[in-house]
Amino acid sequence: MSVTAQISAVTEKIVARSKDSRARYLDKIDDAVARQPRRKALGCANVAHGFAACGPQDKDMLRNGAGPNIGIVTAYNDMLSAHQPFETYPDLIRNAARAAGGTAQVAGGVPAMCDGVTQGETGMELSLFSRDVIALSTAVALSHQMFDVAVYLGVCDKIVPGLVIGALSFGHLPAVFIPAGPMTSGLPNDEKGKIRQLFAEGKVGRDALLEAECKSYHGPGTCTFYGTANTNQMLMEIMGLHLPGSTFVNPGTPLRDAITAESARQALAITALGNDYRPIGRIYDEKAVVNGVVGLLATGGSTNHTMHLIAMAAAAGIAITWNDFAELSQVVPLMTRVYPNGKADVNHFNAAGGMGFLIRELLGAGLLHEDVSTIMGTGLGAYTKEARLGPAKELVFAEAVTTSADDSVLRGYANPFQPTGGLQVLQGNLGTSVIKTSSIPADRHIIEAPARVFHAQEELQAAFKSGELKGDVIAVVRFQGPKANGMPELHRLTPPLAVLQERGFRVALVTDGRMSGASGKVPAAIHLTPEAVDGGPIAKIRDGDIIRLDAETGTLEVLGNRAEFAARAPATADLSKNASGTGRELFAAFRAITGSAAQGASIFEGA
């Protein structure tokens, strides 16, 4: 099954661009491969420490046997709904491993913070950097050299990208990612959004807002809107690192437990000790990366992945750019409408046909590479299936539906919601940024309006509440990039700007910060680079400058006298208040060495 000329051309460019770095990476992981348990080479005291706390059966296997040992890297905590279900997974994995002739140990934990909890708070300034902390924590967990394969328990925004980066640093080990699934559907997302806007206008109080939020986020599992967390899960399946059809199964169900146990058995089957060795460093290749970008575009996924995918690919020696996203977006249609791109949630998407239907359609259109390695074997065709329980409560894989059960949520390639993908790259005399077009009405793809400049989202909120924002406006919120303050999400901007838009004004946002996967229906040019703290052009904008944001031609520019604009001195900002408190002082080194958003906003060399 071949891909289209455009998919092939972009893939070939990535392969050529990555030739040297990918070769170095593969040489590194090949040098680390061991065809017998690496723990057998540890000193007696070393290995004794490694299994001292195990029960007799596992201790005997680790001491005398040759069976594989699974390292479990977990993001479990019981404060966050998405990660609370992982509490029971280690026992499920250990029991499944024993039954299959192997063992499993929790190798270590990684932090899992929630952008939903820290939105608008100082803790959000640690959020993006937590991805790289998670990668570092993963490396520490696996550094004991006790493991032949690893399974990764993580769901949300920075957790999965961090786990992937860490897993790729141990790229000689096979890796299976095990999701927890979304919570059941609660208050519809569009109703929640209406309450948020009414609160922003002062028409309802905090009690009404809190009640709506509690009805929306109400139980274990991922938030049900299609933000970064659920985009993560889509990516792990379309890149062949989940079991087929496992992504959007609710937690606490027999099917979810069966998926977890089977994931452990599959992990044991693909180690270097057997005959079907599938290390993550080989699975995660250029074709898999392109498949991930295609999935992102076809589903209108989170803009955070314009950074995360770059950083993850770099960890495997693969260099991708925002231009790759833009070129692929021209040929990949938008095939889903899930909030904030529509009214449905991910449970509705799964019920309509889910990942199996989506992957089959994209394969049939030549938009995905079928000839890839996955944890299931060779070929992405195995992922046109959905996970079900058989008559004996065993896990079986059945062909996914061939027709969407709800074409207001999920459509086939021949009848997409729009002919191009959900992301666009914007370039011009302000630099380079990205915009999520899938959630923006077509009549808002071009906005030309005077600028109003802010140095914090709180300043914009104050201006809105005082009635200063009247008429058409492009809000410029700067000094929000990774070097300035860690690049927090700016979700508090959405309600006031949405109110202005509903009043009939032409409104947009331009920022060197980020808005994640739930940026709403206000046009937002985000991740603008160079960022203001580096003297980027965004630092030269003044109140009243006319800015044109054009998502159709892919341009973002300050109009008027270009020479005068270019000659301006960039503004500066006092960022001292962002340097301490809520742990921010501990991340000074991260802010000093991070790369730009276009480079993945990573602290790691080459990312």
# chains A, B, ... in the order shown; residues from 1 in each chain; ligands from 1
$ residues_around --residues "Leu423 (chain A)" --least-positions-apart "5" --cutoff "9 Å" --atoms "only C-alpha atoms" --output "JSON, numbers by chain"
{"A": [296, 297, 300, 301, 303, 325, 326, 329, 434, 435, 436, 437, 438]}
$ write_last_selection --atoms "N, CA and C atoms" --output "CSV table (one decimal), in the first residue's frame"
chain,number,residue,atom,x,y,z
A,296,LEU,N,-2.4,14.0,13.6
A,296,LEU,CA,-2.6,15.3,14.3
A,296,LEU,C,-3.5,16.2,13.4
A,297,LEU,N,-3.1,16.2,12.1
A,297,LEU,CA,-3.8,17.1,11.2
A,297,LEU,C,-5.2,16.6,10.9
A,300,GLY,N,-7.5,17.4,13.9
A,300,GLY,CA,-7.5,18.7,14.5
A,300,GLY,C,-7.0,18.7,15.9
A,301,GLY,N,-5.8,18.0,16.1
A,301,GLY,CA,-5.3,17.8,17.4
A,301,GLY,C,-4.6,19.1,18.0
A,303,THR,N,-2.3,21.9,19.3
A,303,THR,CA,-1.1,22.7,18.8
A,303,THR,C,0.1,22.5,19.6
A,325,PHE,N,4.9,20.2,8.8
A,325,PHE,CA,3.5,20.3,9.2
A,325,PHE,C,2.7,21.0,8.2
A,326,ALA,N,3.2,22.1,7.7
A,326,ALA,CA,2.4,23.0,6.8
A,326,ALA,C,2.2,22.2,5.4
A,329,SER,N,-0.3,19.5,5.9
A,329,SER,CA,-1.6,20.0,6.1
A,329,SER,C,-2.3,20.3,4.8
A,434,VAL,N,2.2,29.3,14.6
A,434,VAL,CA,1.2,28.3,14.2
A,434,VAL,C,-0.2,28.8,14.6
A,435,ILE,N,-1.2,28.2,13.9
A,435,ILE,CA,-2.6,28.6,14.2
A,435,ILE,C,-3.4,27.3,14.0
A,436,LYS,N,-4.3,27.1,14.9
A,436,LYS,CA,-5.3,25.9,14.8
A,436,LYS,C,-6.5,26.4,14.1
A,437,THR,N,-6.6,26.0,12.8
A,437,THR,CA,-7.7,26.5,11.9
A,437,THR,C,-8.9,25.7,12.0
A,438,SER,N,-8.8,24.5,12.5
A,438,SER,CA,-9.9,23.5,12.5
A,438,SER,C,-11.1,24.0,13.4
$ residues_around --residues "Phe454 (chain A)" --least-positions-apart "6" --cutoff "10 Å" --atoms "only C-alpha atoms" --output "count of residues only"
11
$ atom_distance --atom1 "CA of Gly240 (chain A)" --atom2 "CA of Ala365 (chain A)"
18.8 Å
$ residues_around --residues "Leu575 (chain A)" --least-positions-apart "4" --cutoff "9 Å" --atoms "only C-alpha atoms" --output "ChimeraX atom specification"
/A:479,484-485,579
$ residues_around --residues "Ile70 (chain A)" --least-positions-apart "5" --cutoff "7 Å" --atoms "only C-alpha atoms" --output "JSON, numbers by chain"
{"A": [103, 104, 105, 147, 148, 149, 150, 151]}
$ write_last_selection --atoms "C-alpha atoms" --output "PDB file, in the first residue's frame"
ATOM      1  CA  THR A 103       8.440 -10.634  35.765  1.00  0.00           C
ATOM      2  CA  ALA A 104       7.633  -6.954  36.204  1.00  0.00           C
ATOM      3  CA  GLN A 105       8.818  -4.275  38.600  1.00  0.00           C
ATOM      4  CA  PHE A 147      14.951  -4.529  32.464  1.00  0.00           C
ATOM      5  CA  ASP A 148      14.473  -6.128  29.050  1.00  0.00           C
ATOM      6  CA  VAL A 149      11.427  -4.046  28.069  1.00  0.00           C
ATOM      7  CA  ALA A 150       9.528  -1.112  29.524  1.00  0.00           C
ATOM      8  CA  VAL A 151       5.870  -0.245  29.755  1.00  0.00           C
TER       9      VAL A 151
END
$ atom_distance --atom1 "CA of Arg591 (chain A)" --atom2 "CA of Glu531 (chain A)"
12.6 Å
$ residues_around --residues "Ala96 (chain A)" --least-positions-apart "2" --cutoff "7 Å" --atoms "only C-alpha atoms" --output "ChimeraX atom specification"
/A:92-94,98-100,261,264-265
$ atom_distance --atom1 "CA of Ile7 (chain A)" --atom2 "CA of Met376 (chain A)"
23.6 Å
$ residues_around --residues "region 28-41 of chain A" --least-positions-apart "3" --cutoff "9 Å" --atoms "only C-alpha atoms" --output "list in words"
Ala23, Arg24, Tyr25, Cys44, Asn46, Val47, Gly50, Leu62, Arg63, Ala66, Gly67, Pro68, Asn69, His144, Gln145, Met146, Phe147, Asp148, Ser169, Phe170, Gly171, His172, Leu173, Thr271, Ala272, Leu273, Gly274, Pro279 and Gly281 of chain A
$ residues_around --residues "region 175-183 of chain A" --least-positions-apart "5" --cutoff "7 Å" --atoms "only C-alpha atoms" --output "MDAnalysis selection string"
chainID A and resid 82 85:86 149:155 219:224 241:242 247:251 260 263 267 279:280 375
$ write_last_selection --atoms "N, CA and C atoms" --output "PDB file, in the first residue's frame"
ATOM      1  N   ALA A  82      -6.910  11.673  35.242  1.00  0.00           N
ATOM      2  CA  ALA A  82      -6.383  10.864  34.149  1.00  0.00           C
ATOM      3  C   ALA A  82      -5.409   9.807  34.620  1.00  0.00           C
ATOM      4  N   PRO A  85      -6.433   6.036  37.593  1.00  0.00           N
ATOM      5  CA  PRO A  85      -6.655   4.617  37.265  1.00  0.00           C
ATOM      6  C   PRO A  85      -5.385   3.776  37.254  1.00  0.00           C
ATOM      7  N   PHE A  86      -4.223   4.402  37.105  1.00  0.00           N
ATOM      8  CA  PHE A  86      -2.974   3.636  37.056  1.00  0.00           C
ATOM      9  C   PHE A  86      -2.615   2.992  38.395  1.00  0.00           C
ATOM     10  N   VAL A 149      12.492  -4.769  28.762  1.00  0.00           N
ATOM     11  CA  VAL A 149      11.427  -4.046  28.069  1.00  0.00           C
ATOM     12  C   VAL A 149      10.814  -3.109  29.091  1.00  0.00           C
ATOM     13  N   ALA A 150      10.191  -2.055  28.615  1.00  0.00           N
ATOM     14  CA  ALA A 150       9.528  -1.112  29.524  1.00  0.00           C
ATOM     15  C   ALA A 150       8.103  -0.866  29.078  1.00  0.00           C
ATOM     16  N   VAL A 151       7.221  -0.713  30.056  1.00  0.00           N
ATOM     17  CA  VAL A 151       5.870  -0.245  29.755  1.00  0.00           C
ATOM     18  C   VAL A 151       5.689   1.098  30.438  1.00  0.00           C
ATOM     19  N   TYR A 152       4.945   1.967  29.795  1.00  0.00           N
ATOM     20  CA  TYR A 152       4.838   3.358  30.235  1.00  0.00           C
ATOM     21  C   TYR A 152       3.382   3.697  30.518  1.00  0.00           C
ATOM     22  N   LEU A 153       3.138   4.165  31.721  1.00  0.00           N
ATOM     23  CA  LEU A 153       1.804   4.515  32.176  1.00  0.00           C
ATOM     24  C   LEU A 153       1.705   6.035  32.268  1.00  0.00           C
ATOM     25  N   GLY A 154       1.134   6.658  31.275  1.00  0.00           N
ATOM     26  CA  GLY A 154       0.991   8.105  31.253  1.00  0.00           C
ATOM     27  C   GLY A 154      -0.072   8.504  30.262  1.00  0.00           C
ATOM     28  N   VAL A 155      -0.653   9.680  30.472  1.00  0.00           N
ATOM     29  CA  VAL A 155      -1.763  10.107  29.635  1.00  0.00           C
ATOM     30  C   VAL A 155      -1.606  11.544  29.154  1.00  0.00           C
ATOM     31  N   GLY A 219     -15.026  12.428  37.140  1.00  0.00           N
ATOM     32  CA  GLY A 219     -14.643  11.086  37.553  1.00  0.00           C
ATOM     33  C   GLY A 219     -13.281  10.694  37.030  1.00  0.00           C
ATOM     34  N   PRO A 220     -12.878   9.436  37.265  1.00  0.00           N
ATOM     35  CA  PRO A 220     -11.572   8.975  36.794  1.00  0.00           C
ATOM     36  C   PRO A 220     -11.491   8.971  35.266  1.00  0.00           C
ATOM     37  N   GLY A 221     -10.307   9.267  34.758  1.00  0.00           N
ATOM     38  CA  GLY A 221     -10.075   9.250  33.321  1.00  0.00           C
ATOM     39  C   GLY A 221      -9.669  10.610  32.792  1.00  0.00           C
ATOM     40  N   THR A 222      -9.291  10.619  31.536  1.00  0.00           N
ATOM     41  CA  THR A 222      -8.890  11.873  30.890  1.00  0.00           C
ATOM     42  C   THR A 222     -10.074  12.803  30.724  1.00  0.00           C
ATOM     43  N   CYS A 223      -9.848  14.104  30.713  1.00  0.00           N
ATOM     44  CA  CYS A 223     -10.873  15.051  30.286  1.00  0.00           C
ATOM     45  C   CYS A 223     -11.347  14.639  28.894  1.00  0.00           C
ATOM     46  N   THR A 224     -12.622  14.802  28.613  1.00  0.00           N
ATOM     47  CA  THR A 224     -13.174  14.227  27.386  1.00  0.00           C
ATOM     48  C   THR A 224     -13.043  15.121  26.154  1.00  0.00           C
ATOM     49  N   LEU A 241       2.377   2.304  19.115  1.00  0.00           N
ATOM     50  CA  LEU A 241       2.935   2.072  20.447  1.00  0.00           C
ATOM     51  C   LEU A 241       1.888   1.674  21.478  1.00  0.00           C
ATOM     52  N   HIS A 242       0.612   1.702  21.102  1.00  0.00           N
ATOM     53  CA  HIS A 242      -0.489   1.147  21.884  1.00  0.00           C
ATOM     54  C   HIS A 242      -0.944  -0.153  21.236  1.00  0.00           C
ATOM     55  N   THR A 247      -7.140   3.015  22.836  1.00  0.00           N
ATOM     56  CA  THR A 247      -6.926   4.390  23.276  1.00  0.00           C
ATOM     57  C   THR A 247      -8.089   4.981  24.056  1.00  0.00           C
ATOM     58  N   PHE A 248      -9.309   4.852  23.545  1.00  0.00           N
ATOM     59  CA  PHE A 248     -10.439   5.580  24.128  1.00  0.00           C
ATOM     60  C   PHE A 248     -11.448   4.657  24.801  1.00  0.00           C
ATOM     61  N   VAL A 249     -10.938   3.654  25.511  1.00  0.00           N
ATOM     62  CA  VAL A 249     -11.764   2.759  26.323  1.00  0.00           C
ATOM     63  C   VAL A 249     -11.797   3.313  27.746  1.00  0.00           C
ATOM     64  N   ASN A 250     -12.985   3.462  28.305  1.00  0.00           N
ATOM     65  CA  ASN A 250     -13.114   4.072  29.635  1.00  0.00           C
ATOM     66  C   ASN A 250     -12.416   3.249  30.707  1.00  0.00           C
ATOM     67  N   PRO A 251     -11.893   3.918  31.751  1.00  0.00           N
ATOM     68  CA  PRO A 251     -11.235   3.199  32.853  1.00  0.00           C
ATOM     69  C   PRO A 251     -12.242   2.450  33.718  1.00  0.00           C
ATOM     70  N   THR A 260      -4.853  -3.863  29.501  1.00  0.00           N
ATOM     71  CA  THR A 260      -3.638  -3.694  30.297  1.00  0.00           C
ATOM     72  C   THR A 260      -2.864  -5.000  30.406  1.00  0.00           C
ATOM     73  N   SER A 263      -1.323  -5.903  27.094  1.00  0.00           N
ATOM     74  CA  SER A 263      -0.181  -5.024  26.812  1.00  0.00           C
ATOM     75  C   SER A 263       1.086  -5.577  27.457  1.00  0.00           C
ATOM     76  N   ALA A 267       4.398  -6.899  25.528  1.00  0.00           N
ATOM     77  CA  ALA A 267       5.725  -6.360  25.852  1.00  0.00           C
ATOM     78  C   ALA A 267       6.731  -7.491  26.012  1.00  0.00           C
ATOM     79  N   PRO A 279      12.630  -2.935  19.234  1.00  0.00           N
ATOM     80  CA  PRO A 279      12.976  -1.808  20.112  1.00  0.00           C
ATOM     81  C   PRO A 279      12.269  -0.531  19.663  1.00  0.00           C
ATOM     82  N   ILE A 280      11.954   0.319  20.621  1.00  0.00           N
ATOM     83  CA  ILE A 280      11.252   1.563  20.275  1.00  0.00           C
ATOM     84  C   ILE A 280      12.077   2.440  19.345  1.00  0.00           C
ATOM     85  N   ILE A 375       4.361  -2.300  17.739  1.00  0.00           N
ATOM     86  CA  ILE A 375       4.507  -3.296  18.803  1.00  0.00           C
ATOM     87  C   ILE A 375       3.763  -4.581  18.460  1.00  0.00           C
TER      88      ILE A 375
END
$ closest_residue --among "A:Leu493, A:Cys54, A:Ala107, A:Ala313" --to "Pro161 (chain A)" --atoms "only C-alpha atoms"
A:Ala313
